[in-house]
$ cat work-v1.tsv   # TSV, C-alpha atoms and all ligand atoms
chain	number	residue	atom	x	y	z
A	1	MET	CA	66.32	21.40	41.40
A	2	ARG	CA	66.67	22.52	37.76
A	3	LEU	CA	66.28	18.93	36.64
A	4	ARG	CA	63.02	18.56	38.61
A	5	LYS	CA	61.68	21.79	37.05
A	6	LEU	CA	62.61	20.53	33.59
A	7	LEU	CA	60.94	17.19	34.28
A	8	LEU	CA	57.75	18.91	35.49
A	9	SER	CA	57.66	21.10	32.37
A	10	VAL	CA	58.05	18.04	30.09
A	11	ILE	CA	55.27	16.20	31.94
A	12	SER	CA	52.99	19.28	31.71
A	13	ILE	CA	53.63	19.65	27.97
A	14	CYS	CA	52.94	15.92	27.42
A	15	LEU	CA	49.71	16.18	29.43
A	16	LEU	CA	48.65	19.24	27.47
A	17	LEU	CA	49.42	17.54	24.16
A	18	PHE	CA	47.48	14.44	25.24
A	19	LEU	CA	44.48	16.50	26.31
A	20	THR	CA	44.52	18.45	23.04
A	21	PHE	CA	44.77	15.20	21.07
A	22	TYR	CA	41.91	13.70	23.10
A	23	ILE	CA	39.61	16.67	22.66
A	24	ILE	CA	40.30	17.14	18.96
A	25	HIS	CA	40.58	13.53	17.89
A	26	ILE	CA	38.74	11.14	20.23
A	27	LYS	CA	35.79	13.44	20.92
A	28	GLY	CA	35.78	14.59	17.30
A	29	VAL	CA	35.64	11.01	16.05
A	30	ALA	CA	32.88	10.18	18.51
A	31	ARG	CA	30.95	13.22	17.40
A	32	SER	CA	31.36	12.44	13.73
A	33	GLU	CA	30.40	8.81	14.40
A	34	LYS	CA	27.29	10.05	16.17
A	35	LEU	CA	26.48	12.37	13.30
A	36	GLN	CA	27.03	9.54	10.83
A	37	ARG	CA	24.76	7.31	12.87
A	38	LEU	CA	22.07	9.98	12.96
A	39	SER	CA	22.28	10.63	9.26
A	40	SER	CA	22.12	6.89	8.57
A	41	ILE	CA	18.94	6.73	10.67
A	42	SER	CA	17.33	9.45	8.62
A	43	LYS	CA	18.70	7.91	5.39
A	44	LYS	CA	17.45	4.50	6.40
A	45	THR	CA	14.07	5.98	7.21
A	46	LEU	CA	13.55	7.28	3.72
A	47	ASN	CA	15.16	4.51	1.69
A	48	PHE	CA	12.91	1.52	1.68
A	49	LYS	CA	10.98	-0.87	-0.50
A	50	PHE	CA	7.52	-2.34	-0.01
A	51	ALA	CA	5.09	-4.44	-2.04
A	52	VAL	CA	1.37	-4.05	-2.70
A	53	ILE	CA	-1.09	-6.88	-3.30
A	54	SER	CA	-4.62	-5.91	-4.28
A	55	ASP	CA	-7.95	-7.64	-4.90
A	56	PRO	CA	-6.88	-11.32	-4.82
A	57	HIS	CA	-10.58	-12.37	-4.47
A	58	ILE	CA	-9.68	-15.81	-3.18
A	59	SER	CA	-12.13	-18.56	-4.09
A	60	VAL	CA	-11.23	-22.13	-3.20
A	61	PHE	CA	-11.94	-24.39	-6.16
A	62	LYS	CA	-13.27	-27.81	-5.19
A	63	SER	CA	-15.76	-28.99	-7.81
A	64	SER	CA	-17.81	-28.00	-10.84
A	65	LYS	CA	-20.14	-26.22	-8.41
A	66	SER	CA	-17.33	-23.88	-7.33
A	67	PRO	CA	-17.17	-20.43	-8.94
A	68	THR	CA	-15.25	-20.62	-12.19
A	69	ASN	CA	-13.17	-18.12	-14.16
A	70	GLU	CA	-14.76	-14.83	-15.19
A	71	VAL	CA	-13.22	-11.36	-15.46
A	72	LYS	CA	-12.12	-12.30	-11.96
A	73	MET	CA	-10.24	-15.58	-12.42
A	74	PHE	CA	-11.82	-17.28	-9.39
A	75	LYS	CA	-10.73	-20.81	-10.29
A	76	ASP	CA	-7.08	-19.73	-10.43
A	77	SER	CA	-7.26	-17.14	-7.64
A	78	VAL	CA	-5.49	-19.38	-5.11
A	79	SER	CA	-2.53	-20.22	-7.33
A	80	LEU	CA	-2.25	-16.59	-8.50
A	81	LEU	CA	-1.95	-15.34	-4.91
A	82	GLU	CA	0.41	-18.18	-3.99
A	83	SER	CA	2.70	-17.22	-6.90
A	84	THR	CA	2.53	-13.55	-5.88
A	85	VAL	CA	3.60	-14.36	-2.32
A	86	LYS	CA	6.42	-16.59	-3.60
A	87	GLU	CA	7.70	-13.83	-5.90
A	88	ILE	CA	7.56	-11.17	-3.18
A	89	ASN	CA	9.47	-13.47	-0.82
A	90	LYS	CA	12.25	-13.65	-3.44
A	91	ILE	CA	12.69	-9.87	-3.63
A	92	GLN	CA	15.43	-8.58	-1.38
A	93	ASP	CA	14.89	-5.67	0.99
A	94	ILE	CA	11.09	-5.68	0.93
A	95	LYS	CA	10.25	-4.31	4.37
A	96	PHE	CA	6.49	-4.89	4.43
A	97	VAL	CA	3.50	-5.67	2.24
A	98	CYS	CA	0.23	-3.70	1.95
A	99	VAL	CA	-2.87	-5.71	1.03
A	100	LEU	CA	-5.60	-3.43	-0.28
A	101	GLY	CA	-8.77	-5.44	0.29
A	102	ASP	CA	-11.18	-7.69	-1.62
A	103	LEU	CA	-9.22	-10.54	-0.14
A	104	THR	CA	-12.00	-13.03	-0.83
A	105	LYS	CA	-14.66	-13.74	-3.45
A	106	ASP	CA	-17.47	-12.75	-1.06
A	107	ALA	CA	-16.27	-13.29	2.52
A	108	GLU	CA	-17.07	-17.02	2.50
A	109	PRO	CA	-15.59	-18.58	5.70
A	110	TRP	CA	-13.49	-21.13	3.77
A	111	ASN	CA	-12.05	-18.37	1.56
A	112	VAL	CA	-11.22	-16.25	4.62
A	113	ASP	CA	-9.23	-19.17	6.05
A	114	LYS	CA	-7.45	-19.75	2.74
A	115	VAL	CA	-6.41	-16.14	2.12
A	116	LYS	CA	-5.07	-15.89	5.68
A	117	GLU	CA	-3.11	-19.12	5.22
A	118	ILE	CA	-1.49	-17.86	1.98
A	119	LEU	CA	-0.72	-14.33	3.24
A	120	ASP	CA	0.86	-15.82	6.37
A	121	ARG	CA	3.55	-17.28	4.09
A	122	LEU	CA	4.92	-13.78	3.48
A	123	GLN	CA	8.31	-13.47	5.14
A	124	VAL	CA	7.85	-9.81	6.08
A	125	PRO	CA	5.02	-8.13	8.00
A	126	TYR	CA	1.86	-7.54	5.99
A	127	TYR	CA	-0.94	-5.08	6.65
A	128	VAL	CA	-4.54	-5.41	5.56
A	129	VAL	CA	-7.58	-3.22	4.86
A	130	LEU	CA	-10.98	-4.64	3.99
A	131	GLY	CA	-12.72	-4.44	0.62
A	132	ASN	CA	-16.41	-4.47	-0.27
A	133	HIS	CA	-16.21	-8.24	-0.95
A	134	ASP	CA	-14.82	-8.94	2.53
A	135	VAL	CA	-17.90	-8.00	4.53
A	136	SER	CA	-21.19	-9.86	4.67
A	137	VAL	CA	-23.78	-8.80	2.17
A	138	VAL	CA	-27.27	-8.38	3.62
A	139	ASP	CA	-29.56	-11.22	2.49
A	140	SER	CA	-26.72	-12.89	0.62
A	141	HIS	CA	-28.74	-16.15	0.45
A	142	LEU	CA	-31.31	-14.36	-1.74
A	143	LYS	CA	-28.61	-13.73	-4.32
A	144	ASN	CA	-27.72	-17.37	-4.53
A	145	MET	CA	-24.48	-16.71	-2.74
A	146	GLY	CA	-22.77	-18.71	-0.04
A	147	PRO	CA	-22.72	-17.68	3.62
A	148	SER	CA	-20.36	-14.87	4.45
A	149	VAL	CA	-18.58	-13.75	7.61
A	150	THR	CA	-19.16	-10.47	9.38
A	151	ARG	CA	-16.84	-7.50	9.25
A	152	SER	CA	-15.91	-8.17	12.90
A	153	THR	CA	-14.78	-11.70	12.04
A	154	MET	CA	-12.46	-10.27	9.39
A	155	ILE	CA	-11.07	-7.71	11.85
A	156	TRP	CA	-10.32	-10.44	14.42
A	157	THR	CA	-8.89	-12.77	11.79
A	158	PHE	CA	-6.33	-10.17	10.76
A	159	GLN	CA	-5.31	-8.95	14.23
A	160	GLY	CA	-1.63	-7.99	14.20
A	161	HIS	CA	-1.80	-7.18	10.49
A	162	GLY	CA	-2.76	-3.57	11.10
A	163	PHE	CA	-5.88	-4.29	13.15
A	164	SER	CA	-5.35	-4.08	16.87
A	165	GLY	CA	-8.56	-4.55	18.81
A	166	PRO	CA	-12.10	-4.13	17.53
A	167	ASN	CA	-11.65	-0.93	15.48
A	168	ARG	CA	-12.11	-0.99	11.72
A	169	TRP	CA	-9.21	1.43	11.28
A	170	TRP	CA	-5.61	1.37	12.46
A	171	SER	CA	-2.20	3.05	12.26
A	172	LEU	CA	1.36	1.94	13.00
A	173	ASP	CA	5.01	2.63	12.16
A	174	PRO	CA	6.28	-0.21	9.93
A	175	LEU	CA	9.74	1.44	10.07
A	176	PRO	CA	11.19	4.23	12.20
A	177	GLY	CA	9.96	7.54	10.81
A	178	VAL	CA	7.42	5.88	8.49
A	179	HIS	CA	3.72	5.90	9.35
A	180	LEU	CA	1.04	3.69	7.80
A	181	ILE	CA	-2.71	4.30	8.21
A	182	GLY	CA	-5.39	1.75	7.26
A	183	LEU	CA	-8.99	2.94	6.78
A	184	ASP	CA	-12.09	0.81	6.31
A	185	SER	CA	-14.15	2.18	3.41
A	186	THR	CA	-16.62	-0.74	3.23
A	187	MET	CA	-20.39	-0.38	3.57
A	188	ILE	CA	-22.83	-3.16	4.29
A	189	GLY	CA	-25.02	-3.88	1.25
A	190	ASP	CA	-23.31	-1.41	-1.12
A	191	TRP	CA	-20.18	-1.90	-3.19
A	192	GLY	CA	-19.49	1.82	-3.00
A	193	GLY	CA	-17.45	3.18	-0.10
A	194	TYR	CA	-17.70	5.73	2.70
A	195	ILE	CA	-15.54	6.93	5.58
A	196	ASP	CA	-17.74	7.85	8.53
A	197	ASN	CA	-17.21	10.71	10.98
A	198	LYS	CA	-15.66	8.47	13.63
A	199	GLN	CA	-12.95	7.40	11.20
A	200	LEU	CA	-12.45	10.95	9.93
A	201	LYS	CA	-11.88	12.10	13.51
A	202	PHE	CA	-9.40	9.26	14.08
A	203	LEU	CA	-7.59	10.17	10.84
A	204	GLU	CA	-7.23	13.83	11.74
A	205	LYS	CA	-6.06	13.10	15.29
A	206	ASP	CA	-3.62	10.43	14.15
A	207	LEU	CA	-2.07	12.74	11.55
A	208	GLN	CA	-1.85	15.48	14.17
A	209	ASN	CA	0.07	13.15	16.49
A	210	ASN	CA	2.50	11.87	13.83
A	211	LYS	CA	3.52	15.04	12.04
A	212	SER	CA	7.20	14.21	11.55
A	213	LYS	CA	6.73	10.83	9.85
A	214	PHE	CA	6.57	9.98	6.16
A	215	THR	CA	2.94	8.85	5.86
A	216	ILE	CA	1.21	6.33	3.62
A	217	VAL	CA	-2.59	5.94	3.76
A	218	MET	CA	-4.30	2.80	2.47
A	219	LEU	CA	-8.00	2.15	1.84
A	220	HIS	CA	-9.91	-0.01	-0.64
A	221	HIS	CA	-11.86	2.69	-2.50
A	222	GLN	CA	-10.24	5.40	-4.62
A	223	LEU	CA	-10.08	9.02	-3.52
A	224	LEU	CA	-9.91	10.29	-7.13
A	225	PRO	CA	-11.40	9.14	-10.46
A	226	TYR	CA	-9.00	7.64	-13.02
A	227	THR	CA	-11.40	7.50	-16.02
A	228	LYS	CA	-14.35	9.52	-17.30
A	229	ALA	CA	-16.88	6.81	-16.35
A	230	GLU	CA	-16.02	7.24	-12.68
A	231	GLU	CA	-16.93	10.93	-13.01
A	232	THR	CA	-20.16	10.44	-14.98
A	233	GLY	CA	-21.27	7.39	-13.00
A	234	GLU	CA	-21.83	5.31	-16.16
A	235	ASN	CA	-22.43	1.63	-15.27
A	236	ASN	CA	-22.25	2.69	-11.59
A	237	PHE	CA	-18.52	3.34	-12.03
A	238	ASN	CA	-18.90	6.22	-9.53
A	239	LYS	CA	-18.88	3.45	-6.90
A	240	PHE	CA	-15.16	2.94	-7.51
A	241	VAL	CA	-14.59	6.36	-5.92
A	242	LEU	CA	-15.35	6.85	-2.24
A	243	TYR	CA	-18.70	8.68	-1.83
A	244	ASN	CA	-17.11	11.28	0.45
A	245	SER	CA	-13.65	11.28	-1.13
A	246	LYS	CA	-13.44	15.09	-1.10
A	247	GLN	CA	-13.99	15.16	2.65
A	248	VAL	CA	-11.16	12.65	3.23
A	249	ARG	CA	-8.82	14.43	0.81
A	250	GLU	CA	-9.43	17.72	2.63
A	251	VAL	CA	-8.23	16.13	5.88
A	252	LEU	CA	-5.13	14.64	4.22
A	253	GLU	CA	-4.25	17.92	2.51
A	254	LYS	CA	-3.91	19.65	5.88
A	255	PHE	CA	-0.87	17.52	6.73
A	256	PRO	CA	2.33	17.84	4.66
A	257	GLN	CA	3.66	14.49	5.88
A	258	VAL	CA	1.02	12.64	3.82
A	259	ALA	CA	2.83	11.60	0.66
A	260	VAL	CA	1.06	8.54	-0.77
A	261	VAL	CA	-2.48	7.10	-0.81
A	262	LEU	CA	-2.93	3.49	-1.97
A	263	SER	CA	-6.23	2.03	-3.23
A	264	GLY	CA	-7.44	-1.07	-5.03
A	265	HIS	CA	-11.03	-1.92	-6.08
A	266	ARG	CA	-10.64	-0.79	-9.70
A	267	HIS	CA	-8.74	-3.79	-11.18
A	268	ILE	CA	-6.78	-1.72	-13.73
A	269	SER	CA	-3.03	-1.36	-14.12
A	270	THR	CA	-1.29	0.55	-11.34
A	271	ARG	CA	-1.29	4.30	-11.94
A	272	TYR	CA	-1.40	7.53	-9.97
A	273	LYS	CA	-2.71	11.07	-9.96
A	274	MET	CA	-1.02	13.91	-8.13
A	275	GLU	CA	-3.20	16.36	-6.27
A	276	LYS	CA	-1.96	18.96	-3.80
A	277	SER	CA	1.41	17.13	-3.65
A	278	ILE	CA	-0.15	13.79	-2.66
A	279	ALA	CA	0.26	10.81	-5.02
A	280	TYR	CA	-3.05	8.90	-5.21
A	281	PHE	CA	-2.46	5.37	-6.53
A	282	THR	CA	-4.82	2.68	-7.72
A	283	CYS	CA	-3.10	-0.71	-7.70
A	284	ALA	CA	-3.45	-3.70	-10.03
A	285	SER	CA	-5.36	-6.84	-9.02
A	286	THR	CA	-3.78	-10.28	-8.89
A	287	VAL	CA	-6.98	-11.91	-10.21
A	288	THR	CA	-8.02	-9.82	-13.27
A	289	TYR	CA	-6.12	-9.63	-16.56
A	290	PRO	CA	-3.15	-9.05	-16.72
A	291	MET	CA	-2.81	-10.21	-13.04
A	292	ARG	CA	-0.22	-8.04	-11.34
A	293	TYR	CA	1.24	-6.83	-8.07
A	294	THR	CA	3.27	-3.67	-7.44
A	295	ILE	CA	6.64	-2.86	-5.90
A	296	PHE	CA	7.23	0.61	-4.45
A	297	GLU	CA	10.66	1.99	-3.65
A	298	ILE	CA	11.40	5.23	-1.90
A	299	LYS	CA	14.92	6.41	-2.57
A	300	ASP	CA	16.62	9.77	-3.01
A	301	TRP	CA	13.38	11.66	-2.51
A	302	LYS	CA	11.71	9.76	-5.31
A	303	LEU	CA	9.02	7.12	-5.21
A	304	THR	CA	9.44	4.50	-7.94
A	305	TYR	CA	6.71	1.98	-8.69
A	306	THR	CA	6.96	-1.13	-10.82
A	307	THR	CA	4.07	-3.45	-11.66
A	308	LYS	CA	5.04	-7.09	-12.00
A	309	ASP	CA	3.15	-9.85	-13.78
A	310	VAL	CA	2.12	-12.72	-11.52
A	311	PRO	CA	3.85	-15.80	-12.97
A	312	CYS	CA	1.18	-18.13	-14.33
A	313	ASP	CA	0.49	-20.64	-17.05
A	314	GLN	CA	0.16	-19.13	-20.55
A	315	LYS	CA	-3.32	-20.72	-20.74
A	316	VAL	CA	-4.45	-18.84	-17.61
A	317	TRP	CA	-3.11	-15.58	-19.03
A	318	GLU	CA	-4.91	-16.15	-22.34
A	319	GLU	CA	-8.18	-17.10	-20.65
A	320	ALA	CA	-8.05	-14.00	-18.45
A	321	ARG	CA	-7.50	-11.82	-21.53
A	322	LYS	CA	-10.38	-13.51	-23.37
A	323	ASN	CA	-12.71	-13.13	-20.36
A	324	ALA	CA	-11.90	-9.43	-20.07
A	325	LEU	CA	-12.61	-8.89	-23.77
A	326	ASN	CA	-15.72	-11.06	-23.76
A	327	THR	CA	-17.82	-8.34	-22.11
A	328	ASN	CA	-20.09	-5.59	-23.42
A	329	ILE	CA	-20.37	-1.88	-22.74
A	330	ASN	CA	-22.90	-2.48	-19.98
A	331	THR	CA	-20.68	-4.86	-18.03
A	332	TRP	CA	-17.52	-4.14	-16.09
A	333	PRO	CA	-14.72	-3.65	-17.04
A	334	ARG	CA	-16.08	-2.16	-20.29
A	335	TRP	CA	-18.02	1.08	-20.67
A	336	SER	CA	-19.01	3.23	-23.64
A	337	ALA	CA	-15.43	4.39	-24.25
A	338	HIS	CA	-14.50	0.76	-25.03
A	339	PRO	CA	-17.16	-0.69	-27.41
A	340	ASN	CA	-16.88	-4.22	-28.87
A	341	THR	CA	-14.86	-3.09	-31.87
A	342	PRO	CA	-11.16	-3.64	-32.66
A	343	SER	CA	-10.32	-0.11	-31.46
A	344	GLY	CA	-12.60	-0.55	-28.39
A	345	ASP	CA	-10.81	-3.80	-27.55
A	346	SER	CA	-7.42	-2.19	-27.84
A	347	SER	CA	-8.40	0.82	-25.70
A	348	LEU	CA	-9.82	-1.57	-23.06
A	349	LEU	CA	-6.56	-3.55	-23.08
A	350	GLU	CA	-4.63	-0.30	-22.78
A	351	GLU	CA	-6.67	0.54	-19.67
A	352	LEU	CA	-6.07	-2.89	-18.14
A	353	GLU	CA	-2.43	-3.30	-19.14
A	354	GLY	CA	-1.43	0.34	-19.14
A	355	PRO	CA	2.00	-0.19	-20.72
A	356	SER	CA	2.69	3.50	-20.32
A	357	PHE	CA	2.01	3.20	-16.59
A	358	GLN	CA	3.77	-0.07	-15.91
A	359	LYS	CA	6.75	1.62	-14.35
A	360	GLY	CA	7.28	5.16	-13.27
A	361	PHE	CA	8.40	7.48	-10.58
A	362	VAL	CA	6.89	10.27	-8.59
A	363	SER	CA	8.98	13.17	-7.45
A	364	LEU	CA	7.50	13.85	-4.06
A	365	THR	CA	8.07	17.48	-3.37
A	366	ARG	CA	6.71	17.01	0.12
A	367	LEU	CA	9.45	14.50	0.80
A	368	LYS	CA	11.97	17.31	1.17
A	369	ASP	CA	9.81	18.92	3.82
A	370	ILE	CA	9.47	15.59	5.58
A	371	MET	CA	13.25	15.08	5.46
A	372	ARG	CA	13.66	18.49	7.02
A	373	LEU	CA	11.14	17.63	9.70
A	374	LEU	CA	12.94	14.36	10.44
A	375	ASN	CA	16.32	16.05	10.59
A	376	LYS	CA	14.94	18.67	12.91
A	377	ARG	CA	13.69	15.88	15.13
A	378	TYR	CA	17.02	14.03	15.18
A	379	ASN	CA	19.02	17.24	15.71
A	380	HIS	CA	16.76	17.93	18.62
A	381	ILE	CA	17.59	14.51	20.07
A	382	GLU	CA	21.30	15.20	19.59
B	1	FE	FE	-12.04	-6.19	-6.31
B	2	FE	FE	-13.79	-3.87	-4.47

$ encode --input "work-v1.tsv" --output "structure tokens"
Amino acid sequence: MRLRKLLLSVISICLLLFLTFYIIHIKGVARSEKLQRLSSISKKTLNFKFAVISDPHISVFKSSKSPTNEVKMFKDSVSLLESTVKEINKIQDIKFVCVLGDLTKDAEPWNVDKVKEILDRLQVPYYVVLGNHDVSVVDSHLKNMGPSVTRSTMIWTFQGHGFSGPNRWWSLDPLPGVHLIGLDSTMIGDWGGYIDNKQLKFLEKDLQNNKSKFTIVMLHHQLLPYTKAEETGENNFNKFVLYNSKQVREVLEKFPQVAVVLSGHRHISTRYKMEKSIAYFTCASTVTYPMRYTIFEIKDWKLTYTTKDVPCDQKVWEEARKNALNTNINTWPRWSAHPNTPSGDSSLLEELEGPSFQKGFVSLTRLKDIMRLLNKRYNHIE
């Protein structure tokens, strides 16, 4: 009898010890694993790298009648974009590529086919917005230009690269917790840009529906001026900035998840301006001296950008430099701040090469808020 009681007590103690061990250890481990997994999701979400290609202006070169090299190096545009794609494919951990418009010389059908063929060689997803040179120009034949495709043709050509259906605008999540919006700032018959009310409404609604995601907006035209000429309108430089940029910025400023805006169009070295905690970037072109693309990395609540030279023949590089300098104050890329004098030349080169801008980082104060939002979301799931 006493032996049975003793045996029962031993079994009960063992059971109790096992249960305690199970609750403290097994469940604890599972919980900490779950927490680790959740934190790695949020870490993963905000640690990523992407590349930006802008203004490749593809022009297939076939004969002496084909467009040749100018400030835009048309004759070498194909090889410059091919080299860019090759280089990006070599970089580890690039998650996606943003292409900021002016894909072609002037939307010629053969150039549309060629740019698509080259971009399709990218080994990661790429997303496209249109530039002013990608939509048909009214009466293009009167300007001694080739035929050009319509905006709709471009939208259908690049389905699955942002575009989904007939709309000129799009949004998607290239990574969990990261949101990318593409706007179409092109106008028919004007190289300036505009975002109409329909797109503004889409933008506001989309940002409303994606409040907890780190958001990048891309469009061809700038939302802020980077030089004085864009403010004064000298040489029509005001057309680099979207006509209703203030209206678009006011929508973006309402939403703290908007961290970065990417634009092309300007063909100067990559640089940014901060306004109301949003970093507004203009990105270098692959076809104008000094022919570059840009790598962005988001890590530890910092956004680092690095502009890279497109590998090319020394002769191409020298010709591009010469073509950029061989302009006058009435022709892009010069303006009165860069006259044809030694100091004007060097200030123009500074604008194009921007050695002080070639690499840098942006401390995104909004990123902390976004992190908090994301954590709140994941904790909620838990
Ligand atoms: Fe361009
Ligand atoms: Fe442009």

$ closest_atom_pairs --input "work-v1.tsv" --of "stretch 207-262 of chain A" --to "stretch 270-276 of chain A" --cutoff "12 Å" --atoms "only C-alpha atoms" --output "Markdown table"
| residue | atom | partner | partner_atom | distance |
| --- | --- | --- | --- | --- |
| A:Gln222 | CA | A:Tyr272 | CA | 10.6 |
| A:Leu223 | CA | A:Lys273 | CA | 10.0 |
| A:Leu224 | CA | A:Lys273 | CA | 7.8 |
| A:Pro225 | CA | A:Lys273 | CA | 8.9 |
| A:Tyr226 | CA | A:Lys273 | CA | 7.8 |
| A:Thr227 | CA | A:Lys273 | CA | 11.2 |
| A:Lys246 | CA | A:Glu275 | CA | 11.5 |
| A:Arg249 | CA | A:Glu275 | CA | 9.2 |
| A:Glu250 | CA | A:Lys276 | CA | 9.9 |
| A:Val251 | CA | A:Lys276 | CA | 11.9 |
| A:Leu252 | CA | A:Lys276 | CA | 9.6 |
| A:Glu253 | CA | A:Lys276 | CA | 6.8 |
| A:Lys254 | CA | A:Lys276 | CA | 9.9 |
| A:Phe255 | CA | A:Lys276 | CA | 10.7 |
| A:Pro256 | CA | A:Lys276 | CA | 9.6 |
| A:Val258 | CA | A:Lys276 | CA | 10.3 |
| A:Ala259 | CA | A:Lys276 | CA | 9.8 |
| A:Val260 | CA | A:Met274 | CA | 9.3 |
| A:Val261 | CA | A:Tyr272 | CA | 9.2 |
| A:Leu262 | CA | A:Tyr272 | CA | 9.1 |

$ residues_near_ligand --input "work-v1.tsv" --ligand "ligand FE 1 (chain B)" --cutoff "12 Å" --atoms "only C-alpha atoms and all ligand atoms" --output "PyMOL selection string"
chain A and resi 53-58+71-74+99-106+130-134+186+191-192+220-222+239-240+263-268+282-288+332-333

$ closest_residue --input "work-v1.tsv" --among "A:Leu349, A:Val129, A:Glu231, A:Leu303" --to "ligand FE 2 (chain B)" --atoms "all atoms listed in the file"
A:Val129

$ closest_residue --input "work-v1.tsv" --among "A:Ser64, A:Ser59, A:Asn326, A:Thr84" --to "A:Val310" --atoms "only C-alpha atoms"
A:Thr84

$ closest_residue --input "work-v1.tsv" --among "A:Leu364, A:Ile91, A:Val316, A:Val135" --to "ligand FE 2 (chain B)" --atoms "all atoms listed in the file"
A:Val135

$ atom_distance --input "work-v1.tsv" --atom1 "atom CA of A:Lys86" --atom2 "atom CA of A:Thr153"
26.8 Å

$ atom_distance --input "work-v1.tsv" --atom1 "atom CA of A:Lys213" --atom2 "atom CA of A:Ser363"
17.6 Å

$ closest_residue --input "work-v1.tsv" --among "A:Glu108, A:Asp120, A:Asp184, A:Asp76" --to "ligand FE 2 (chain B)" --atoms "all atoms listed in the file"
A:Asp184

$ atom_distance --input "work-v1.tsv" --atom1 "atom CA of A:Ile295" --atom2 "atom CA of A:Phe163"
22.8 Å

$ residues_near_point --input "work-v1.tsv" --point "(-2.1, -14.6, -13.9)" --cutoff "6 Å" --atoms "only C-alpha atoms" --output "PyMOL selection string"
chain A and resi 80+291+310+312+317

$ residues_near_point --input "work-v1.tsv" --point "(4.3, 15.0, 11.9)" --cutoff "10 Å" --atoms "all atoms listed in the file" --output "PDB file with C-alpha atoms, keeping the file's coordinate frame"
ATOM      1  CA  GLY A 177       9.960   7.540  10.810  1.00  0.00           C
ATOM      2  CA  HIS A 179       3.720   5.900   9.350  1.00  0.00           C
ATOM      3  CA  ASP A 206      -3.620  10.430  14.150  1.00  0.00           C
ATOM      4  CA  LEU A 207      -2.070  12.740  11.550  1.00  0.00           C
ATOM      5  CA  GLN A 208      -1.850  15.480  14.170  1.00  0.00           C
ATOM      6  CA  ASN A 209       0.070  13.150  16.490  1.00  0.00           C
ATOM      7  CA  ASN A 210       2.500  11.870  13.830  1.00  0.00           C
ATOM      8  CA  LYS A 211       3.520  15.040  12.040  1.00  0.00           C
ATOM      9  CA  SER A 212       7.200  14.210  11.550  1.00  0.00           C
ATOM     10  CA  LYS A 213       6.730  10.830   9.850  1.00  0.00           C
ATOM     11  CA  PHE A 214       6.570   9.980   6.160  1.00  0.00           C
ATOM     12  CA  THR A 215       2.940   8.850   5.860  1.00  0.00           C
ATOM     13  CA  PHE A 255      -0.870  17.520   6.730  1.00  0.00           C
ATOM     14  CA  PRO A 256       2.330  17.840   4.660  1.00  0.00           C
ATOM     15  CA  GLN A 257       3.660  14.490   5.880  1.00  0.00           C
ATOM     16  CA  VAL A 258       1.020  12.640   3.820  1.00  0.00           C
ATOM     17  CA  ILE A 370       9.470  15.590   5.580  1.00  0.00           C
ATOM     18  CA  LEU A 373      11.140  17.630   9.700  1.00  0.00           C
ATOM     19  CA  LEU A 374      12.940  14.360  10.440  1.00  0.00           C
ATOM     20  CA  ARG A 377      13.690  15.880  15.130  1.00  0.00           C
TER      21      ARG A 377
END

$ residues_around --input "work-v1.tsv" --residues "stretch 335-339 of chain A" --least-positions-apart "4" --cutoff "12 Å" --atoms "only C-alpha atoms" --output "ChimeraX atom specification"
/A:227-230,232-237,324-331,343-352

$ closest_residue --input "work-v1.tsv" --among "A:Leu175, A:Val128, A:Met145, A:Ile118" --to "A:Gly160" --atoms "only C-alpha atoms"
A:Val128

$ closest_residue --input "work-v1.tsv" --among "A:Leu172, A:Ile94, A:Ile88, A:Val241" --to "ligand FE 2 (chain B)" --atoms "only C-alpha atoms and all ligand atoms"
A:Val241

$ axis_aligned_box --input "work-v1.tsv" --around "stretch 222-231 of chain A" --padding-each-side "5 Å" --output "AutoDock Vina command-line options"
--center_x -13.0 --center_y 8.2 --center_z -10.4 --size_x 17.9 --size_y 15.5 --size_z 23.8
